[in-house]
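Dropping structure00.cif in here (mmCIF, C-alpha atoms):
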data_upload
#
loop_
_atom_site.group_PDB
_atom_site.id
_atom_site.type_symbol
_atom_site.label_atom_id
_atom_site.label_comp_id
_atom_site.auth_asym_id
_atom_site.auth_seq_id
_atom_site.Cartn_x
_atom_site.Cartn_y
_atom_site.Cartn_z
ATOM 1 C CA MET A 1 0.978 8.819 -5.240
ATOM 2 C CA ILE A 2 0.948 5.301 -6.593
ATOM 3 C CA TYR A 3 0.025 4.692 -10.256
ATOM 4 C CA SER A 4 -0.557 1.586 -12.325
ATOM 5 C CA PHE A 5 0.819 1.565 -15.878
ATOM 6 C CA GLN A 6 -0.051 -0.928 -18.618
ATOM 7 C CA GLY A 7 -1.402 -3.305 -15.992
ATOM 8 C CA TYR A 8 1.649 -3.101 -13.696
ATOM 9 C CA ILE A 9 0.809 -2.034 -10.161
ATOM 10 C CA PRO A 10 3.693 -1.134 -7.834
ATOM 11 C CA VAL A 11 4.393 -3.616 -5.028
ATOM 12 C CA ILE A 12 5.333 -1.853 -1.781
ATOM 13 C CA HIS A 13 6.011 -3.651 1.497
ATOM 14 C CA GLU A 14 3.767 -2.401 4.282
ATOM 15 C CA SER A 15 6.760 -1.407 6.450
ATOM 16 C CA SER A 16 8.002 1.050 3.812
ATOM 17 C CA PHE A 17 6.853 4.650 3.503
ATOM 18 C CA VAL A 18 6.148 6.496 0.264
ATOM 19 C CA HIS A 19 5.417 10.173 0.835
ATOM 20 C CA PRO A 20 2.088 11.285 -0.686
ATOM 21 C CA LEU A 21 3.966 13.863 -2.784
ATOM 22 C CA ALA A 22 6.204 11.195 -4.346
ATOM 23 C CA ALA A 23 5.176 9.351 -7.536
ATOM 24 C CA VAL A 24 5.705 5.595 -7.892
ATOM 25 C CA THR A 25 4.576 4.288 -11.275
ATOM 26 C CA GLY A 26 4.189 0.871 -12.857
ATOM 27 C CA ASN A 27 6.616 -2.038 -12.551
ATOM 28 C CA VAL A 28 8.234 -1.053 -9.256
ATOM 29 C CA ILE A 29 8.943 -3.402 -6.349
ATOM 30 C CA ILE A 30 9.844 -1.817 -3.013
ATOM 31 C CA GLY A 31 11.102 -4.017 -0.163
ATOM 32 C CA LYS A 32 10.993 -3.606 3.611
ATOM 33 C CA ASP A 33 11.831 -0.440 5.575
ATOM 34 C CA CYS A 34 12.327 1.760 2.514
ATOM 35 C CA TYR A 35 11.773 5.520 2.558
ATOM 36 C CA ILE A 36 10.660 7.478 -0.514
ATOM 37 C CA GLY A 37 10.711 11.237 0.057
ATOM 38 C CA PRO A 38 8.442 13.980 -1.273
ATOM 39 C CA GLY A 39 9.078 14.935 -4.888
ATOM 40 C CA ALA A 40 10.771 11.619 -5.684
ATOM 41 C CA ALA A 41 9.742 9.970 -8.971
ATOM 42 C CA ILE A 42 10.264 6.226 -9.419
ATOM 43 C CA ARG A 43 9.061 5.449 -12.943
ATOM 44 C CA GLY A 44 8.681 1.783 -13.794
ATOM 45 C CA ASP A 45 6.896 2.537 -17.052
ATOM 46 C CA TRP A 46 9.585 1.269 -19.468
ATOM 47 C CA GLY A 47 11.200 -1.399 -17.285
ATOM 48 C CA GLN A 48 11.280 -2.919 -13.813
ATOM 49 C CA ILE A 49 12.763 -1.070 -10.848
ATOM 50 C CA ILE A 50 13.564 -3.032 -7.687
ATOM 51 C CA LEU A 51 14.376 -1.353 -4.383
ATOM 52 C CA GLU A 52 15.652 -3.994 -1.985
ATOM 53 C CA ASP A 53 15.149 -3.769 1.773
ATOM 54 C CA GLY A 54 16.279 -0.646 3.598
ATOM 55 C CA VAL A 55 16.768 1.575 0.528
ATOM 56 C CA ASN A 56 16.021 5.277 0.791
ATOM 57 C CA VAL A 57 15.297 7.562 -2.162
ATOM 58 C CA GLN A 58 15.245 11.083 -0.807
ATOM 59 C CA GLU A 59 13.463 14.267 -1.830
ATOM 60 C CA ASN A 60 13.345 15.187 -5.538
ATOM 61 C CA CYS A 61 15.234 12.115 -6.762
ATOM 62 C CA THR A 62 14.437 10.463 -10.097
ATOM 63 C CA VAL A 63 14.810 6.740 -10.785
ATOM 64 C CA HIS A 64 14.115 5.812 -14.431
ATOM 65 C CA MET A 65 15.638 4.163 -17.517
ATOM 66 C CA PHE A 66 15.465 3.739 -21.295
ATOM 67 C CA PRO A 67 12.949 1.155 -22.595
ATOM 68 C CA GLY A 68 13.866 -2.490 -22.145
ATOM 69 C CA LYS A 69 16.090 -2.021 -19.089
ATOM 70 C CA SER A 70 15.513 -3.223 -15.553
ATOM 71 C CA ILE A 71 17.475 -1.912 -12.593
ATOM 72 C CA THR A 72 18.075 -2.733 -8.942
ATOM 73 C CA LEU A 73 18.977 -0.563 -5.983
ATOM 74 C CA LYS A 74 20.388 -3.163 -3.612
ATOM 75 C CA GLU A 75 19.883 -3.460 0.125
ATOM 76 C CA SER A 76 20.564 -0.282 2.141
ATOM 77 C CA ALA A 77 21.382 1.859 -0.908
ATOM 78 C CA HIS A 78 21.131 5.520 0.101
ATOM 79 C CA ILE A 79 20.139 7.968 -2.649
ATOM 80 C CA GLY A 80 20.730 11.571 -1.554
ATOM 81 C CA HIS A 81 18.495 14.569 -2.183
ATOM 82 C CA GLY A 82 18.035 15.476 -5.843
ATOM 83 C CA ALA A 83 20.030 12.577 -7.303
ATOM 84 C CA ILE A 84 19.162 10.953 -10.641
ATOM 85 C CA ILE A 85 19.577 7.228 -11.219
ATOM 86 C CA HIS A 86 18.941 6.601 -14.923
ATOM 87 C CA GLY A 87 19.210 2.956 -15.942
ATOM 88 C CA ALA A 88 22.014 2.224 -13.454
ATOM 89 C CA ASN A 89 22.384 -0.532 -10.875
ATOM 90 C CA ILE A 90 23.367 0.513 -7.379
ATOM 91 C CA GLY A 91 25.172 -1.927 -5.087
ATOM 92 C CA ARG A 92 24.511 -2.900 -1.496
ATOM 93 C CA ASN A 93 25.059 -0.205 1.149
ATOM 94 C CA VAL A 94 26.132 2.405 -1.430
ATOM 95 C CA LEU A 95 25.837 6.131 -0.730
ATOM 96 C CA VAL A 96 24.913 8.314 -3.715
ATOM 97 C CA GLY A 97 25.508 11.952 -2.804
ATOM 98 C CA MET A 98 23.131 14.854 -3.304
ATOM 99 C CA ASN A 99 22.492 15.997 -6.893
ATOM 100 C CA THR A 100 24.586 13.192 -8.350
ATOM 101 C CA VAL A 101 23.673 11.803 -11.798
ATOM 102 C CA ILE A 102 24.364 8.140 -12.589
ATOM 103 C CA MET A 103 23.719 7.171 -16.198
ATOM 104 C CA ASP A 104 22.558 4.076 -18.096
ATOM 105 C CA ASP A 105 24.252 0.702 -17.600
ATOM 106 C CA ALA A 106 26.570 2.091 -14.929
ATOM 107 C CA GLU A 107 27.284 -0.311 -12.081
ATOM 108 C CA ILE A 108 28.177 1.017 -8.644
ATOM 109 C CA GLY A 109 29.914 -1.645 -6.536
ATOM 110 C CA ASP A 110 28.844 -2.548 -3.004
ATOM 111 C CA GLU A 111 29.771 -0.159 -0.182
ATOM 112 C CA SER A 112 30.960 2.580 -2.527
ATOM 113 C CA ILE A 113 30.447 6.275 -1.851
ATOM 114 C CA VAL A 114 29.661 8.588 -4.763
ATOM 115 C CA GLY A 115 30.269 12.212 -3.788
ATOM 116 C CA ALA A 116 27.712 14.985 -4.134
ATOM 117 C CA MET A 117 27.230 16.409 -7.647
ATOM 118 C CA ALA A 118 29.245 13.665 -9.325
ATOM 119 C CA PHE A 119 28.413 12.649 -12.906
ATOM 120 C CA VAL A 120 28.870 8.939 -13.566
ATOM 121 C CA LYS A 121 28.942 8.288 -17.319
ATOM 122 C CA ALA A 122 26.977 5.506 -19.007
ATOM 123 C CA GLU A 123 28.504 2.015 -18.770
ATOM 124 C CA THR A 124 30.949 3.012 -16.035
ATOM 125 C CA LYS A 125 31.833 0.124 -13.725
ATOM 126 C CA ILE A 126 32.804 1.198 -10.229
ATOM 127 C CA PRO A 127 34.537 -1.472 -8.096
ATOM 128 C CA LYS A 128 33.356 -2.302 -4.586
ATOM 129 C CA ARG A 129 34.375 0.043 -1.774
ATOM 130 C CA SER A 130 35.331 2.953 -4.061
ATOM 131 C CA LEU A 131 35.162 6.658 -3.257
ATOM 132 C CA VAL A 132 34.003 8.386 -6.431
ATOM 133 C CA VAL A 133 33.898 12.145 -7.133
ATOM 134 C CA GLY A 134 33.834 14.650 -9.978
ATOM 135 C CA ASN A 135 32.471 15.296 -13.458
ATOM 136 C CA PRO A 136 33.172 12.934 -15.068
ATOM 137 C CA ALA A 137 33.320 10.829 -11.921
ATOM 138 C CA LYS A 138 36.571 9.068 -11.043
ATOM 139 C CA VAL A 139 37.614 6.707 -8.280
ATOM 140 C CA ILE A 140 40.006 8.591 -6.010
ATOM 141 C CA LYS A 141 40.574 6.008 -3.265
ATOM 142 C CA ASP A 142 39.132 3.039 -1.426
ATOM 143 C CA VAL A 143 36.370 3.459 1.144
ATOM 144 C CA THR A 144 37.723 2.792 4.652
ATOM 145 C CA ASP A 145 35.979 0.849 7.397
ATOM 146 C CA ASP A 146 35.348 4.126 9.252
ATOM 147 C CA MET A 147 33.770 5.719 6.174
ATOM 148 C CA ILE A 148 31.395 2.811 5.559
ATOM 149 C CA ALA A 149 30.501 2.676 9.266
ATOM 150 C CA TRP A 150 29.589 6.397 9.094
ATOM 151 C CA LYS A 151 27.491 5.775 5.976
ATOM 152 C CA THR A 152 25.738 2.783 7.550
ATOM 153 C CA LYS A 153 24.778 4.791 10.648
ATOM 154 C CA GLY A 154 23.284 7.529 8.466
ATOM 155 C CA THR A 155 21.282 4.992 6.502
ATOM 156 C CA GLN A 156 19.952 3.477 9.729
ATOM 157 C CA LEU A 157 18.270 6.818 10.469
ATOM 158 C CA TYR A 158 16.426 6.533 7.152
ATOM 159 C CA GLN A 159 15.500 2.910 7.885
ATOM 160 C CA GLN A 160 13.826 4.084 11.113
ATOM 161 C CA LEU A 161 12.072 6.963 9.336
ATOM 162 C CA PRO A 162 9.318 4.883 7.623
ATOM 163 C CA LYS A 163 8.075 3.654 11.015
ATOM 164 C CA ASP A 164 8.190 7.187 12.420
ATOM 165 C CA CYS A 165 6.278 8.517 9.402
ATOM 166 C CA HIS A 166 3.611 5.804 9.655
ATOM 167 C CA GLU A 167 3.147 6.648 13.325
ATOM 168 C CA SER A 168 3.235 10.443 13.310
ATOM 169 C CA LEU A 169 3.266 12.118 9.875
ATOM 170 C CA LYS A 170 -0.061 13.726 9.020
ATOM 171 C CA GLU A 171 -1.289 16.690 7.057
ATOM 172 C CA VAL A 172 -2.254 19.595 9.330
ATOM 173 C CA GLU A 173 -3.100 23.269 9.342
ATOM 174 C CA PRO A 174 -0.149 25.391 10.500
ATOM 175 C CA LEU A 175 0.012 26.958 13.940
ATOM 176 C CA ARG A 176 0.029 30.757 13.969
ATOM 177 C CA GLN A 177 2.515 31.104 16.815
ATOM 178 C CA VAL A 178 5.174 28.979 18.486
ATOM 179 C CA PRO A 179 3.839 27.071 21.532
ATOM 180 C CA ARG A 180 5.692 27.776 24.771
ATOM 181 C CA ASN A 181 6.209 24.063 25.436
ATOM 182 C CA ARG A 182 7.429 23.107 21.955
ATOM 183 C CA PRO A 183 10.043 20.330 22.481
ATOM 184 C CA LYS A 184 13.560 20.627 21.128
ATOM 185 C CA GLN A 185 14.318 18.221 18.280
ATOM 186 C CA GLU A 186 17.339 16.835 20.132
ATOM 187 C CA GLU A 187 14.933 15.421 22.714
ATOM 188 C CA ILE A 188 13.347 13.267 20.002
ATOM 189 C CA TYR A 189 16.329 12.202 17.885
ATOM 190 C CA LYS A 190 19.949 11.706 18.845
ATOM 191 C CA THR A 191 22.224 14.349 17.443
ATOM 192 C CA LEU A 192 24.425 13.342 14.526
ATOM 193 C CA ARG A 193 27.463 13.033 16.778
ATOM 194 C CA GLU A 194 25.600 10.883 19.308
ATOM 195 C CA GLN A 195 24.282 8.639 16.533
ATOM 196 C CA PHE A 196 27.781 7.984 15.186
ATOM 197 C CA LYS A 197 29.361 7.288 18.612
ATOM 198 C CA LYS A 198 27.738 3.856 18.824
#
Spell out the structure here as structure tokens.
Amino acid sequence: MIYSFQGYIPVIHESSFVHPLAAVTGNVIIGKDCYIGPGAAIRGDWGQIILEDGVNVQENCTVHMFPGKSITLKESAHIGHGAIIHGANIGRNVLVGMNTVIMDDAEIGDESIVGAMAFVKAETKIPKRSLVVGNPAKVIKDVTDDMIAWKTKGTQLYQQLPKDCHESLKEVEPLRQVPRNRPKQEEIYKTLREQFKK
């Protein structure tokens, strides 16, 4: 759902998709080809939140901040299921793993990968192309070309998803038995291995 707050109405590009069970509030600007999953909360009540083109914020993520802050998730940032971005800026083509927490005034450099369940402390500055893991999170090595290519391919799936959702997602009553001609999912989407071959 989309909510105004203190006169601020979210701005969402028509090519992006916000699931009806997500909540986008206030001073939020969402660019092209972004995907916001069910259960996600993007709260621009205390400051501005910008999602540049191609960002995805997956199911049950929270994006928020303390009063007086404004934050940006740069182009093609990929925020995994259940992650929390609280007052942090996320660089271009970054992957934030599932259930990660990134705290206030942290800066995640472009093309970095933050592993699942990491905790990035407030004011941490992560250089570009860093692989970050742990609690507290630490840089363990540089991100290789192969790693960022893998990440980019995964993000491309989410950049296609808004169009697919606009075209085919709708609320329905469930079927009571499996149809005999139900297509296999692999006939609709490439498998993960096929996607990453190209």
Can you build me a table of range 3-105 of chain A residues sitting at most 12 Å from range 132-146 of chain A, with the closest atom pair per residue and its distance in Å to one decimal, using all atoms listed in the file, sorted by chain and residue number, as CSV?
residue,atom,partner,partner_atom,distance
A:Asn93,CA,A:Val143,CA,11.9
A:Val94,CA,A:Val143,CA,10.6
A:Leu95,CA,A:Val132,CA,10.2
A:Val96,CA,A:Val132,CA,9.5
A:Gly97,CA,A:Val133,CA,9.4
A:Met98,CA,A:Val133,CA,11.7
A:Asn99,CA,A:Gly134,CA,11.8
A:Thr100,CA,A:Val133,CA,9.4
A:Val101,CA,A:Asn135,CA,9.6
A:Ile102,CA,A:Ala137,CA,9.4
A:Met103,CA,A:Pro136,CA,11.1
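Using only C-alpha atoms, the smallest distance between any of A:Gly37, A:Pro10, A:Gly82, A:Pro127 and Ile49 in chain A comes from A:Pro10.
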Item checked: Protein and nucleic acid residues near (17.6, 4.6, -13.6) (cut-off 9 Å, all atoms listed in the file) as a list in words ->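 Checked against the point, the hits come out as Ile42, Arg43, Ile49, Thr62, Val63, His64, Met65, Phe66, Lys69, Ser70, Ile71, Thr72, Ile84, Ile85, His86, Gly87, Ala88, Asn89, Ile102, Met103, Asp104 and Asp105 of chain A.
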Applying 12 Å and all atoms listed in the file, which residues near range 161-171 of chain A remain after dropping the ones on its own chain fewer than 3 positions away? List them as a compact mmCIF listing (two decimals) with C-alpha atoms, in the frame of the given file.
# COMPACT_ATOMS: atom_id res chain seq x y z
CA HIS A 13 6.01 -3.65 1.50
CA GLU A 14 3.77 -2.40 4.28
CA SER A 15 6.76 -1.41 6.45
CA SER A 16 8.00 1.05 3.81
CA PHE A 17 6.85 4.65 3.50
CA VAL A 18 6.15 6.50 0.26
CA HIS A 19 5.42 10.17 0.84
CA PRO A 20 2.09 11.28 -0.69
CA LEU A 21 3.97 13.86 -2.78
CA GLY A 31 11.10 -4.02 -0.16
CA LYS A 32 10.99 -3.61 3.61
CA ASP A 33 11.83 -0.44 5.58
CA CYS A 34 12.33 1.76 2.51
CA TYR A 35 11.77 5.52 2.56
CA ILE A 36 10.66 7.48 -0.51
CA GLY A 37 10.71 11.24 0.06
CA ASP A 53 15.15 -3.77 1.77
CA GLY A 54 16.28 -0.65 3.60
CA VAL A 55 16.77 1.58 0.53
CA ASN A 56 16.02 5.28 0.79
CA VAL A 57 15.30 7.56 -2.16
CA GLN A 58 15.24 11.08 -0.81
CA GLY A 154 23.28 7.53 8.47
CA THR A 155 21.28 4.99 6.50
CA GLN A 156 19.95 3.48 9.73
CA LEU A 157 18.27 6.82 10.47
CA TYR A 158 16.43 6.53 7.15
CA PRO A 174 -0.15 25.39 10.50
CA ILE A 188 13.35 13.27 20.00
CA TYR A 189 16.33 12.20 17.89
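Note that the spacing between CA of Lys125 in chain A and CA of Ala23 in chain A amounts to 28.9 Å.
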Name the residues captured by the PyMOL selection byres ((chain A and resi 29) around 8) when it is applied to the shown file; answer as a short mmCIF file (atom, residue, chain, number, x, y, z; two decimals) with C-alpha atoms, in the frame of the given file.
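As written to disk, part_31.cif reads:
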data_model
loop_
_atom_site.label_atom_id
_atom_site.label_comp_id
_atom_site.auth_asym_id
_atom_site.auth_seq_id
_atom_site.Cartn_x
_atom_site.Cartn_y
_atom_site.Cartn_z
CA PRO A 10 3.69 -1.13 -7.83
CA VAL A 11 4.39 -3.62 -5.03
CA ILE A 12 5.33 -1.85 -1.78
CA ASN A 27 6.62 -2.04 -12.55
CA VAL A 28 8.23 -1.05 -9.26
CA ILE A 30 9.84 -1.82 -3.01
CA GLY A 31 11.10 -4.02 -0.16
CA GLN A 48 11.28 -2.92 -13.81
CA ILE A 49 12.76 -1.07 -10.85
CA ILE A 50 13.56 -3.03 -7.69
CA LEU A 51 14.38 -1.35 -4.38
#
Item checked: Output check: residues returned by the PyMOL selection byres ((chain A and resi 6) around 10), as a list in words -> Ser4, Phe5, Gly7, Tyr8, Ile9, Gly26, Asn27, Asp45 and Trp46 of chain A
Next item on the list: Go ahead and compute the interatomic distance for CA of Ser76 in chain A and CA of Glu107 in chain A, in Å to one decimal.
Entry: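 According to the coordinates, CA of Ser76 in chain A and CA of Glu107 in chain A are separated by 15.7 Å.
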Check: Just how far from CA of Ala40 in chain A is CA of Ala118 in chain A, in Å to one decimal?
Finding: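 These two atoms are separated by 18.9 Å.
Considering only C-alpha atoms, the residue among A:Gln177, A:Glu111, A:Glu123, A:Arg182 positioned nearest to Ile148 in chain A is A:Glu111.
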Note to self: So, with only C-alpha atoms as the atoms that count, which of A:Met117, A:Ile2, A:Pro67, A:Met147 lies closest to Ala83 in chain A?
What the structure shows: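 Closest candidate: A:Met117.
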When the PyMOL selection byres ((chain A and resi 110) around 6) is applied to the structure above, which residues does it catch, written out as a PDB file with C-alpha atoms, keeping the file's coordinate frame?
ATOM      1  CA  GLY A  91      25.172  -1.927  -5.087  1.00  0.00           C
ATOM      2  CA  ARG A  92      24.511  -2.900  -1.496  1.00  0.00           C
ATOM      3  CA  VAL A  94      26.132   2.405  -1.430  1.00  0.00           C
ATOM      4  CA  GLY A 109      29.914  -1.645  -6.536  1.00  0.00           C
ATOM      5  CA  GLU A 111      29.771  -0.159  -0.182  1.00  0.00           C
ATOM      6  CA  SER A 112      30.960   2.580  -2.527  1.00  0.00           C
ATOM      7  CA  LYS A 128      33.356  -2.302  -4.586  1.00  0.00           C
TER       8      LYS A 128
END
